[in-house]
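A short write-up of the structure that comes next.
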Amino acid sequence: MDWGLLITQVLNGMQLGVLLFLLASGLTLVFGIMDFVNLAHGSLYMMGAFFCATLTEWTGSFVLAAFLALPLTALVGLAVEIIVVRKLYRRDHLDHVLATFGLILVFDTAVQFIWGPAGTAIPLPEWLDGRVEILPNIEFPTFRLLIIATGLVVAIALYWIVTHTRTGMLIRAGASNRTMVSALGIDIGKLFLGLFALGAVLAGLAGLMIAPITEASIGMGNEIIIVAFVVIIIGGIGSIKGAFVAALLVGLIDTMGRSFLDSFLKLFMSIQNAETSAPAISAMMIYILMAAVLAFRPQGLFPPKGR
């Protein structure tokens, strides 16, 4: 076995997992506490990437641009919640889906109008655009290690906030019984507004961190948001712990499947058929996992207490 390749792909899976966690954590809080299905969450992911691209060009510093892009993404999230979302809380999920699908079209059109149809690359500083030797003869890109480290720090910070602060207590209570939180005199409107802004920041952070690897492009959040919904269903809607564990599982399953499944299939079929089938089966595996969770533990692996 090529241990270098195995370790590299495990790290790639972790990188994908923490990016999914950043996107899914905000989504699971909005869905779990506010009972709001936000298909446009991926558009906030896209906005974070484009804000960072423009600010990097203006300031010449990716790090400074990243810090400036987060409050801008939060402002976009606040505007969306105030103008559109809060009017839909009492409507059913179909109305949520239709309205936020419309928001996706609005965001994509606005981005094309402002930034143009072509993607925008984000250059990295030299100290991030290199490789680090993590083990003898095994190197890994510096920026991808930064993504993993940032995701883990955010996960720890979110877990601490949710489990050890008054705000976290309200979040947990809201995930378990939103009606009771309102009856106790908590301003549920401010709680919802804050949660939506937090979700926007987390989505924007994920978007601006993946953009230097791919690029900031129109509709970049439309595909990954489907995987983010898979993550929160597997982990448990409203659960930060569940989102983290499920995101890592999905990231590792997807990456390891794409890297090694074809070698396994070659034991049973021709090389051509194995190489053709492996990508499709790899893409299916996370949905098979979701189906298994729904069948045997429909509340998710780590549902919030009280569910």
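Each chain in the structure tokens gets a letter, A, B, ..., in the order shown, and its residues are numbered from 1; ligands are numbered from 1 in order too.
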Give me the residues of region 286-306 of chain A that have any atom at most 7 Å from an atom of region 222-239 of chain A; for each, the nearest atom pair and the distance in Å, rounded to one decimal. Use only C-alpha atoms, sort by chain and number, and format it as a Markdown table.
| residue | atom | partner | partner_atom | distance |
| --- | --- | --- | --- | --- |
| A:Met290 | CA | A:Ile234 | CA | 5.6 |
| A:Val293 | CA | A:Ile234 | CA | 6.1 |
| A:Gln299 | CA | A:Gly236 | CA | 5.7 |
| A:Gly300 | CA | A:Gly236 | CA | 3.9 |
| A:Leu301 | CA | A:Gly235 | CA | 4.9 |
| A:Phe302 | CA | A:Gly236 | CA | 5.4 |
| A:Pro303 | CA | A:Gly236 | CA | 4.4 |
| A:Pro304 | CA | A:Ser239 | CA | 5.4 |
Point to revise | Test item, helix (DSSP H, G or I) assignment across region 162-281 of chain A, answer as a PyMOL selection string | key: chain A and resi 162-164+166-176+178-183+188-210+220-235+240-265+271-281
Practice item. Would you mind reading off the distance between CA of Val97 (chain A) and CA of Ala118 (chain A), one decimal, in Å? Key: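 Computing the Euclidean distance for CA of Val97 (chain A) and CA of Ala118 (chain A) yields 27.7 Å.
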**Study point:** Selected residue of minimal separation from Ser282 (chain A) among A:Leu252, A:Leu29, A:Leu294, A:Ala121, counting only C-alpha atoms
**Key:**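 Of the candidates, the smallest distance to Ser282 (chain A) is held by A:Leu252.
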**Study point:** All strand (DSSP E or B) positions in region 1-242 of chain A, as a ChimeraX atom specification
**Key:** /A:120,131-135,138-141,216
With N, CA and C atoms kept, could you save the residues just selected as a PDB file, in the first residue's frame?
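Okay, this is what ended up in selection28.pdb:
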ATOM      1  N   THR A 120     -13.428  34.266 -11.011  1.00  0.00           N
ATOM      2  CA  THR A 120     -12.389  35.160 -10.515  1.00  0.00           C
ATOM      3  C   THR A 120     -11.425  34.380  -9.633  1.00  0.00           C
ATOM      4  N   ARG A 131       4.235  24.033  -0.004  1.00  0.00           N
ATOM      5  CA  ARG A 131       3.957  22.708   0.542  1.00  0.00           C
ATOM      6  C   ARG A 131       4.763  22.512   1.820  1.00  0.00           C
ATOM      7  N   VAL A 132       4.203  21.706   2.716  1.00  0.00           N
ATOM      8  CA  VAL A 132       4.843  21.410   3.997  1.00  0.00           C
ATOM      9  C   VAL A 132       5.104  19.912   4.068  1.00  0.00           C
ATOM     10  N   GLU A 133       6.286  19.539   4.535  1.00  0.00           N
ATOM     11  CA  GLU A 133       6.604  18.127   4.713  1.00  0.00           C
ATOM     12  C   GLU A 133       6.030  17.675   6.063  1.00  0.00           C
ATOM     13  N   ILE A 134       4.923  16.935   6.007  1.00  0.00           N
ATOM     14  CA  ILE A 134       4.265  16.522   7.249  1.00  0.00           C
ATOM     15  C   ILE A 134       4.869  15.238   7.816  1.00  0.00           C
ATOM     16  N   LEU A 135       5.422  14.394   6.922  1.00  0.00           N
ATOM     17  CA  LEU A 135       6.143  13.187   7.300  1.00  0.00           C
ATOM     18  C   LEU A 135       7.274  13.023   6.290  1.00  0.00           C
ATOM     19  N   ILE A 138       6.592  12.961   2.520  1.00  0.00           N
ATOM     20  CA  ILE A 138       5.161  13.223   2.315  1.00  0.00           C
ATOM     21  C   ILE A 138       4.919  14.718   2.505  1.00  0.00           C
ATOM     22  N   GLU A 139       4.536  15.395   1.430  1.00  0.00           N
ATOM     23  CA  GLU A 139       4.264  16.825   1.480  1.00  0.00           C
ATOM     24  C   GLU A 139       2.780  17.074   1.253  1.00  0.00           C
ATOM     25  N   PHE A 140       2.325  18.201   1.796  1.00  0.00           N
ATOM     26  CA  PHE A 140       0.914  18.573   1.646  1.00  0.00           C
ATOM     27  C   PHE A 140       0.844  20.093   1.506  1.00  0.00           C
ATOM     28  N   PRO A 141      -0.073  20.592   0.653  1.00  0.00           N
ATOM     29  CA  PRO A 141      -0.147  22.041   0.447  1.00  0.00           C
ATOM     30  C   PRO A 141      -0.401  22.814   1.740  1.00  0.00           C
ATOM     31  N   ALA A 216     -13.627  31.831  -7.564  1.00  0.00           N
ATOM     32  CA  ALA A 216     -14.964  32.343  -7.270  1.00  0.00           C
ATOM     33  C   ALA A 216     -15.757  32.331  -8.571  1.00  0.00           C
TER      34      ALA A 216
END
Counting only C-alpha atoms, what is within 9 Å of Phe107 (chain A), bar same-chain residues fewer than 4 positions away, as a compact mmCIF listing (two decimals) with C-alpha atoms, in the first residue's frame?
# COMPACT_ATOMS: atom_id res chain seq x y z
CA ALA A 40 -29.95 30.18 -0.77
CA SER A 43 -25.37 31.83 -2.38
CA LEU A 44 -23.88 33.29 0.81
CA MET A 46 -20.57 32.30 -3.17
CA MET A 47 -20.76 35.90 -1.92
CA GLY A 102 -35.79 32.61 -6.25
CA LEU A 103 -33.05 34.15 -4.11
CA VAL A 111 -23.00 38.37 -9.34
CA GLN A 112 -22.97 38.08 -13.12
CA ILE A 218 -21.29 31.95 -10.45
CA GLY A 219 -23.40 29.21 -8.92
Revision key, fill the gap. Counting only C-alpha atoms, the residue among A:Ile240, A:Ala24, A:Leu195, A:Ile114 that lies closest to Ile156 (chain A) is A:Ile240
Check your understanding: Hey, which of A:His41, A:Arg258, A:Arg91, A:Arg166 ends up closest to Gly207 (chain A)? Count only C-alpha atoms.
Key ->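 Of the candidates, the smallest distance to Gly207 (chain A) is held by A:His41.
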Check your understanding: Out of A:Ile148, A:Ala200, A:Leu124, A:Ile188, which residue has the shortest atom-to-atom distance to Thr167 (chain A) when counting only C-alpha atoms?
Key ->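 Checking each of A:Ile148, A:Ala200, A:Leu124, A:Ile188 against Thr167 (chain A), counting only C-alpha atoms, the winner is A:Ile188.
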Review point. Do you have the CA of Val30 (chain A)-CA of Trp115 (chain A) distance handy?
Key: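 Separating CA of Val30 (chain A) from CA of Trp115 (chain A) is a distance of 28.7 Å.
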Check your understanding: Taking only C-alpha atoms into account, which of A:Leu94, A:Val80, A:Ala206, A:Ile171 comes nearest Gly32 (chain A)?
Key ->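 Smallest separation from Gly32 (chain A) among the options: A:Ile171.
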Check your understanding: Looking at only C-alpha atoms, which of A:Leu75, A:Met169, A:Leu19, A:Ala292 is the one that sits closest to Gly151 (chain A)?
Key ->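 Going through A:Leu75, A:Met169, A:Leu19, A:Ala292 one by one, the smallest distance to Gly151 (chain A) is for A:Leu19.
Here CA of Leu152 (chain A) stands at a distance of 7.1 Å from CA of Val18 (chain A).
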Review point. If you count only C-alpha atoms, which residues fall within 10 Å of Pro279 (chain A), apart from same-chain ones fewer than 5 positions away, as a list in words?
Key: Asp254, Gly257, Arg258, Ser259, Leu261, Asp262, Ala274 and Met284 of chain A
Take the residues just selected and output them with C-alpha atoms as a PDB file, in the first residue's frame.
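Result written to selection_38.pdb:
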ATOM      1  CA  ASP A 254     -16.155  10.917  -0.951  1.00  0.00           C
ATOM      2  CA  GLY A 257     -13.923   6.460  -2.643  1.00  0.00           C
ATOM      3  CA  ARG A 258     -12.731   8.538  -5.590  1.00  0.00           C
ATOM      4  CA  SER A 259      -9.109   7.648  -4.831  1.00  0.00           C
ATOM      5  CA  LEU A 261     -12.541   2.439  -5.162  1.00  0.00           C
ATOM      6  CA  ASP A 262     -11.391   1.823  -8.724  1.00  0.00           C
ATOM      7  CA  ALA A 274     -13.806  -0.273 -12.909  1.00  0.00           C
ATOM      8  CA  MET A 284     -23.578   7.562  -4.590  1.00  0.00           C
TER       9      MET A 284
END
Practice item. Excluding Leu193 (chain A) and any residue of its chain fewer than 5 positions from it, enumerate the residues within 10 Å of it, using only C-alpha atoms, and give them as a VMD selection string. Key: chain A and resid 30 34 77 to 82 85 to 86 188 198 to 199
Would you write out those residues with C-alpha atoms, as a CSV table (one decimal), in the first residue's frame?
chain,number,residue,atom,x,y,z
A,30,VAL,CA,-31.1,27.9,10.8
A,34,MET,CA,-35.8,28.5,12.9
A,77,GLY,CA,-27.2,37.7,5.5
A,78,LEU,CA,-28.8,40.3,7.7
A,79,ALA,CA,-30.4,42.0,4.7
A,80,VAL,CA,-31.7,38.7,3.4
A,81,GLU,CA,-33.2,37.8,6.8
A,82,ILE,CA,-34.8,41.3,7.2
A,85,VAL,CA,-36.8,35.4,5.3
A,86,ARG,CA,-38.5,36.8,8.4
A,188,ILE,CA,-37.0,35.2,19.2
A,198,LEU,CA,-23.8,33.7,12.0
A,199,GLY,CA,-24.8,31.2,9.3
Exercise for review: Write out as a PyMOL selection string each polymer residue whose atoms come within 6 Å of Cys52 (chain A), counting only C-alpha atoms; drop sequence neighbours fewer than 4 positions from it.
Suggested key: chain A and resi 56+65-66+69+208
